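Chemist: I am sharing final_22.json, which consists of JSON, C-alpha atoms:
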```
[["chain", "number", "residue", "atom", "x", "y", "z"],
["A", 1, "MET", "CA", -11.17, -34.58, 21.32],
["A", 2, "THR", "CA", -11.30, -34.40, 17.56],
["A", 3, "THR", "CA", -13.89, -32.84, 15.35],
["A", 4, "ARG", "CA", -14.30, -32.39, 11.66],
["A", 5, "GLY", "CA", -15.36, -29.59, 9.43],
["A", 6, "VAL", "CA", -15.17, -27.97, 6.05],
["A", 7, "LEU", "CA", -13.24, -24.99, 4.71],
["A", 8, "TYR", "CA", -15.02, -23.23, 1.87],
["A", 9, "VAL", "CA", -12.86, -20.75, 0.00],
["A", 10, "HIS", "CA", -15.53, -18.92, -1.97],
["A", 11, "SER", "CA", -13.21, -16.62, -3.89],
["A", 12, "ALA", "CA", -9.50, -15.99, -4.00],
["A", 13, "PRO", "CA", -7.28, -14.35, -6.62],
["A", 14, "ARG", "CA", -5.06, -16.94, -8.34],
["A", 15, "ALA", "CA", -1.90, -15.51, -6.76],
["A", 16, "LEU", "CA", -3.37, -16.06, -3.29],
["A", 17, "CYS", "CA", -4.29, -19.74, -3.80],
["A", 18, "PRO", "CA", -0.89, -21.24, -2.84],
["A", 19, "HIS", "CA", -0.77, -19.00, 0.23],
["A", 20, "VAL", "CA", -4.16, -20.31, 1.32],
["A", 21, "GLU", "CA", -2.87, -23.88, 0.97],
["A", 22, "TRP", "CA", 0.25, -23.06, 2.99],
["A", 23, "ALA", "CA", -1.81, -21.41, 5.73],
["A", 24, "VAL", "CA", -4.14, -24.41, 5.98],
["A", 25, "ALA", "CA", -1.18, -26.80, 5.98],
["A", 26, "GLY", "CA", 0.43, -24.79, 8.76],
["A", 27, "VAL", "CA", -2.66, -25.18, 10.94],
["A", 28, "LEU", "CA", -3.26, -28.86, 10.17],
["A", 29, "GLY", "CA", 0.39, -29.92, 10.17],
["A", 30, "VAL", "CA", 0.07, -31.82, 6.88],
["A", 31, "ARG", "CA", 0.63, -30.96, 3.23],
["A", 32, "VAL", "CA", -2.56, -29.59, 1.68],
["A", 33, "GLN", "CA", -3.43, -29.34, -2.01],
["A", 34, "LEU", "CA", -6.83, -27.87, -2.75],
["A", 35, "ASP", "CA", -8.77, -28.55, -5.94],
["A", 36, "TRP", "CA", -9.25, -25.03, -7.29],
["A", 37, "ILE", "CA", -11.97, -24.24, -9.80],
["A", 38, "ARG", "CA", -12.99, -20.94, -11.35],
["A", 39, "GLN", "CA", -15.51, -18.87, -9.39],
["A", 40, "PRO", "CA", -18.18, -17.74, -11.88],
["A", 41, "ALA", "CA", -19.63, -15.20, -9.43],
["A", 42, "SER", "CA", -16.38, -13.23, -9.54],
["A", 43, "PRO", "CA", -14.40, -13.63, -12.77],
["A", 44, "GLY", "CA", -10.68, -13.92, -12.18],
["A", 45, "THR", "CA", -11.08, -15.65, -8.82],
["A", 46, "TRP", "CA", -11.00, -19.28, -7.75],
["A", 47, "ARG", "CA", -12.87, -21.41, -5.25],
["A", 48, "ALA", "CA", -12.17, -24.63, -3.34],
["A", 49, "GLU", "CA", -13.61, -26.85, -0.63],
["A", 50, "PHE", "CA", -11.62, -28.90, 1.85],
["A", 51, "SER", "CA", -12.88, -31.34, 4.48],
["A", 52, "TRP", "CA", -10.65, -31.48, 7.53],
["A", 53, "GLN", "CA", -10.37, -33.34, 10.81],
["A", 54, "GLY", "CA", -8.55, -32.02, 13.83],
["A", 55, "GLU", "CA", -8.66, -31.07, 17.46],
["A", 56, "SER", "CA", -11.44, -28.93, 18.83],
["A", 57, "GLY", "CA", -10.51, -25.32, 18.05],
["A", 58, "THR", "CA", -9.12, -26.09, 14.59],
["A", 59, "ALA", "CA", -11.84, -24.03, 12.90],
["A", 60, "SER", "CA", -10.77, -21.01, 14.91],
["A", 61, "LYS", "CA", -7.14, -21.54, 13.97],
["A", 62, "LEU", "CA", -8.02, -21.87, 10.28],
["A", 63, "ALA", "CA", -10.12, -18.69, 10.35],
["A", 64, "SER", "CA", -7.32, -16.81, 12.12],
["A", 65, "ALA", "CA", -4.75, -18.01, 9.58],
["A", 66, "LEU", "CA", -6.89, -16.78, 6.67],
["A", 67, "ARG", "CA", -8.44, -13.61, 8.04],
["A", 68, "GLY", "CA", -5.67, -11.21, 7.10],
["A", 69, "TRP", "CA", -6.12, -11.39, 3.33],
["A", 70, "GLN", "CA", -8.44, -8.66, 2.11],
["A", 71, "LEU", "CA", -9.38, -10.28, -1.21],
["A", 72, "LEU", "CA", -10.42, -13.61, 0.29],
["A", 73, "ARG", "CA", -13.99, -14.81, 0.91],
["A", 74, "PHE", "CA", -14.26, -17.95, 3.00],
["A", 75, "GLU", "CA", -16.23, -19.95, 5.53],
["A", 76, "VAL", "CA", -14.99, -22.52, 8.03],
["A", 77, "THR", "CA", -17.32, -24.87, 9.85],
["A", 78, "ALA", "CA", -16.71, -27.35, 12.65],
["A", 79, "GLU", "CA", -19.12, -29.99, 13.85],
["A", 80, "PRO", "CA", -19.96, -30.22, 17.55],
["A", 81, "CYS", "CA", -18.07, -32.87, 19.50],
["A", 82, "ALA", "CA", -18.12, -34.19, 23.06],
["A", 83, "SER", "CA", -15.98, -31.32, 24.34],
["A", 84, "ALA", "CA", -17.22, -28.36, 22.27],
["A", 85, "GLU", "CA", -20.14, -26.89, 20.40],
["A", 86, "GLY", "CA", -19.89, -26.48, 16.65],
["A", 87, "GLU", "CA", -18.60, -23.31, 15.04],
["A", 88, "ARG", "CA", -19.00, -21.29, 11.88],
["A", 89, "TYR", "CA", -16.72, -18.53, 10.65],
["A", 90, "SER", "CA", -17.59, -16.41, 7.62],
["A", 91, "ALA", "CA", -15.34, -13.75, 6.14],
["A", 92, "THR", "CA", -15.73, -11.20, 3.37],
["A", 93, "PRO", "CA", -13.51, -8.29, 2.32],
["A", 94, "ASP", "CA", -16.20, -5.71, 3.15],
["A", 95, "LEU", "CA", -17.62, -7.14, 6.38],
["A", 96, "GLY", "CA", -14.62, -8.80, 7.99],
["A", 97, "ILE", "CA", -15.13, -11.97, 10.00],
["A", 98, "PHE", "CA", -18.26, -13.37, 11.63],
["A", 99, "HIS", "CA", -18.23, -16.12, 14.26],
["A", 100, "ALA", "CA", -21.15, -18.17, 15.51],
["A", 101, "VAL", "CA", -21.46, -21.07, 17.87],
["A", 102, "THR", "CA", -23.64, -23.79, 16.37],
["A", 103, "GLY", "CA", -25.62, -26.54, 18.00],
["A", 104, "LEU", "CA", -26.04, -30.17, 17.12],
["A", 105, "HIS", "CA", -28.44, -29.43, 14.25],
["A", 106, "GLY", "CA", -26.52, -26.45, 12.84],
["A", 107, "ASP", "CA", -28.60, -23.77, 14.55],
["A", 108, "ILE", "CA", -26.76, -20.63, 15.64],
["A", 109, "LEU", "CA", -26.60, -20.34, 19.42],
["A", 110, "ILE", "CA", -26.50, -16.71, 20.55],
["A", 111, "PRO", "CA", -25.05, -16.09, 24.02],
["A", 112, "GLU", "CA", -27.28, -14.27, 26.47],
["A", 113, "ASP", "CA", -24.89, -11.33, 26.92],
["A", 114, "ARG", "CA", -24.88, -10.62, 23.18],
["A", 115, "LEU", "CA", -28.68, -10.62, 23.10],
["A", 116, "ARG", "CA", -28.79, -8.26, 26.10],
["A", 117, "ALA", "CA", -26.30, -5.91, 24.43],
["A", 118, "ALA", "CA", -28.42, -5.89, 21.25],
["A", 119, "LEU", "CA", -31.50, -5.00, 23.31],
["A", 120, "VAL", "CA", -29.65, -2.16, 25.05],
["A", 121, "ARG", "CA", -28.42, -0.69, 21.75],
["A", 122, "ALA", "CA", -31.94, -0.89, 20.30],
["A", 123, "ASN", "CA", -33.56, 0.60, 23.42],
["A", 124, "GLN", "CA", -31.09, 3.50, 23.38],
["A", 125, "GLY", "CA", -32.03, 4.22, 19.79],
["A", 126, "GLU", "CA", -28.59, 3.41, 18.40],
["A", 127, "THR", "CA", -30.03, 0.81, 16.04],
["A", 128, "GLN", "CA", -33.12, -1.23, 15.24],
["A", 129, "LEU", "CA", -33.56, -4.52, 17.09],
["A", 130, "GLU", "CA", -34.17, -6.34, 13.79],
["A", 131, "ALA", "CA", -30.83, -5.11, 12.44],
["A", 132, "GLU", "CA", -29.03, -6.21, 15.61],
["A", 133, "ILE", "CA", -30.55, -9.69, 15.50],
["A", 134, "SER", "CA", -29.72, -9.91, 11.80],
["A", 135, "LYS", "CA", -26.05, -9.26, 12.62],
["A", 136, "LEU", "CA", -26.10, -11.78, 15.48],
["A", 137, "LEU", "CA", -27.36, -14.41, 13.03],
["A", 138, "GLY", "CA", -24.76, -13.48, 10.38],
["A", 139, "LYS", "CA", -27.32, -12.39, 7.80],
["A", 140, "PRO", "CA", -25.12, -9.66, 6.22],
["A", 141, "TRP", "CA", -22.39, -12.29, 5.65],
["A", 142, "ASP", "CA", -24.91, -14.79, 4.28],
["A", 143, "ASP", "CA", -26.30, -12.16, 1.93],
["A", 144, "GLU", "CA", -22.84, -11.31, 0.59],
["A", 145, "LEU", "CA", -21.63, -14.91, 0.32],
["A", 146, "GLU", "CA", -24.75, -16.50, -1.16],
["A", 147, "PRO", "CA", -23.84, -15.80, -4.83],
["A", 148, "PHE", "CA", -20.39, -17.33, -4.18],
["A", 149, "ARG", "CA", -21.75, -20.50, -2.58],
["A", 150, "TYR", "CA", -22.87, -21.88, -5.91],
["A", 151, "ALA", "CA", -19.94, -23.57, -7.59],
["A", 152, "GLY", "CA", -21.19, -23.22, -11.14],
["A", 153, "GLU", "CA", -20.37, -25.46, -14.04],
["A", 154, "GLY", "CA", -17.73, -28.10, -13.57],
["A", 155, "ALA", "CA", -17.85, -28.07, -9.79],
["A", 156, "PRO", "CA", -17.55, -31.36, -7.96],
["A", 157, "VAL", "CA", -20.90, -32.44, -6.58],
["A", 158, "ARG", "CA", -21.05, -34.57, -3.47],
["A", 159, "TRP", "CA", -24.25, -36.54, -3.06],
["A", 160, "LEU", "CA", -25.25, -37.52, 0.48],
["A", 161, "HIS", "CA", -27.40, -40.59, 0.86],
["A", 162, "GLN", "CA", -29.49, -41.53, 3.83],
["A", 163, "VAL", "CA", -28.84, -45.07, 5.01],
["A", 164, "VAL", "CA", -31.91, -46.80, 6.41]]
```
Written as structure tokens, that's how I'd like the structure from this file.
Modeler:
Amino acid sequence: MTTRGVLYVHSAPRALCPHVEWAVAGVLGVRVQLDWIRQPASPGTWRAEFSWQGESGTASKLASALRGWQLLRFEVTAEPCASAEGERYSATPDLGIFHAVTGLHGDILIPEDRLRAALVRANQGETQLEAEISKLLGKPWDDELEPFRYAGEGAPVRWLHQVV
């Protein structure tokens, strides 16, 4: 089964950009050239977006290929398909990597065992339940990545139109 998704490189130092392209090409098995633009949220870094199509599990492979670089901020999404739920990976230098399973409409689906573990930690006084749920939903990653999600001036804009 094939799926499709998007790789968002929110910020990368210029010297890392070709390595990102090589890593993505290694996963997809085709030559990849990203359109890099300056990242205004972090001067001296660059950003790019890349739509991909591949087998189910490609998002995981892309995230794994990119996760080792400490100065890289990125997100990888995959749409649900007949054989798998959707996925979202978010990575920041400070927080590491976050993974979520997503449903048909993009909602995060939290497995029962992770919810139970969050309840146990909160009941034992290790943490607050609100903080645990926030982590399960990826809020710390969203908070850190939000300023980087805006492309700024000169960014390509893709307009989606509803067909009736």
Chemist: Leaving out segment 20-28 of chain A and any residue of its chain fewer than 4 positions from it, which residues lie within 8 Å of it when counting all atoms listed in the file, given as a tab-separated table (two decimals) with C-alpha atoms, in the coordinates of the input?
Modeler:
```tsv
chain	number	residue	atom	x	y	z
A	16	LEU	CA	-3.37	-16.06	-3.29
A	32	VAL	CA	-2.56	-29.59	1.68
A	33	GLN	CA	-3.43	-29.34	-2.01
A	34	LEU	CA	-6.83	-27.87	-2.75
A	54	GLY	CA	-8.55	-32.02	13.83
A	58	THR	CA	-9.12	-26.09	14.59
A	61	LYS	CA	-7.14	-21.54	13.97
A	62	LEU	CA	-8.02	-21.87	10.28
A	65	ALA	CA	-4.75	-18.01	9.58
A	66	LEU	CA	-6.89	-16.78	6.67
```
Chemist: Which residues, written as a compact mmCIF listing (two decimals) with C-alpha atoms, in the coordinates of the input, have at least one atom at most 12 Å from Lys135 of chain A, with only C-alpha atoms counted and residues fewer than 3 positions away on the same chain left out?
Modeler:
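This went into around-v1.txt:
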```txt
# COMPACT_ATOMS: atom_id res chain seq x y z
CA LEU A 95 -17.62 -7.14 6.38
CA ILE A 97 -15.13 -11.97 10.00
CA PHE A 98 -18.26 -13.37 11.63
CA HIS A 99 -18.23 -16.12 14.26
CA ALA A 100 -21.15 -18.17 15.51
CA ILE A 108 -26.76 -20.63 15.64
CA ILE A 110 -26.50 -16.71 20.55
CA ARG A 114 -24.88 -10.62 23.18
CA LEU A 115 -28.68 -10.62 23.10
CA ALA A 118 -28.42 -5.89 21.25
CA THR A 127 -30.03 0.81 16.04
CA GLN A 128 -33.12 -1.23 15.24
CA LEU A 129 -33.56 -4.52 17.09
CA GLU A 130 -34.17 -6.34 13.79
CA ALA A 131 -30.83 -5.11 12.44
CA GLU A 132 -29.03 -6.21 15.61
CA GLY A 138 -24.76 -13.48 10.38
CA LYS A 139 -27.32 -12.39 7.80
CA PRO A 140 -25.12 -9.66 6.22
CA TRP A 141 -22.39 -12.29 5.65
CA ASP A 142 -24.91 -14.79 4.28
CA ASP A 143 -26.30 -12.16 1.93
```
Chemist: If the box runs along x, y and z of the file and leaves 4 Å on each side of segment 80-86 of chain A, what are its centre and edge lengths in Å, one decimal, as JSON?
Modeler:
```
{"center_x": -18.1, "center_y": -30.3, "center_z": 20.5, "size_x": 12.2, "size_y": 15.7, "size_z": 15.7}
```
Chemist: Tell me which protein, DNA and RNA residues are within 12 Å of Pro80 of chain A, counting all atoms listed in the file, leaving out same-chain ones fewer than 5 positions away, and put them as a list in words.
Modeler: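 The neighbour list is Met1, Thr2, Thr3, Arg4, Gly5, Glu55, Ser56, Gly57, Thr58, Ala59, Glu85, Gly86, Glu87, Arg88, Val101, Thr102, Gly103, Leu104, His105, Gly106, Asp107 and Ile108 of chain A.
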Chemist: Using atom CA of Trp36 of chain A and atom CA of Cys81 of chain A as the two end points, give the distance in Å to one decimal.
Modeler: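 Result for atom CA of Trp36 of chain A versus atom CA of Cys81 of chain A: 29.3 Å, one decimal.
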Chemist: Please, which residues are within 6 Å of (-13.5, -22.2, -2.4) by the file's coordinates, counting all atoms listed in the file, and could they come as a list in words?
Modeler: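 Returned residue set, sorted by chain then number, is Tyr8, Val9, His10, Ser11, Arg47, Ala48 and Glu49 of chain A.
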Chemist: Please determine, counting all atoms listed in the file, which residue among A:Gln70, A:Gln39, A:Tyr150, A:Pro13 has the shortest atom-to-atom distance to Asp94 of chain A.
Modeler: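 Among the listed residues, A:Gln70 lies closest to Asp94 of chain A.
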Chemist: Work out how far atom CA of Trp52 of chain A is from atom CA of Ile37 of chain A, in Å to one decimal.
Modeler: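 Straight-line distance from atom CA of Ile37 of chain A to atom CA of Trp52 of chain A works out to 18.8 Å.
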Chemist: Quick one: of A:Leu71, A:Gly125, A:Val30, A:Phe50, who's nearest to Arg14 of chain A, counting all atoms listed in the file?
Modeler: A:Leu71
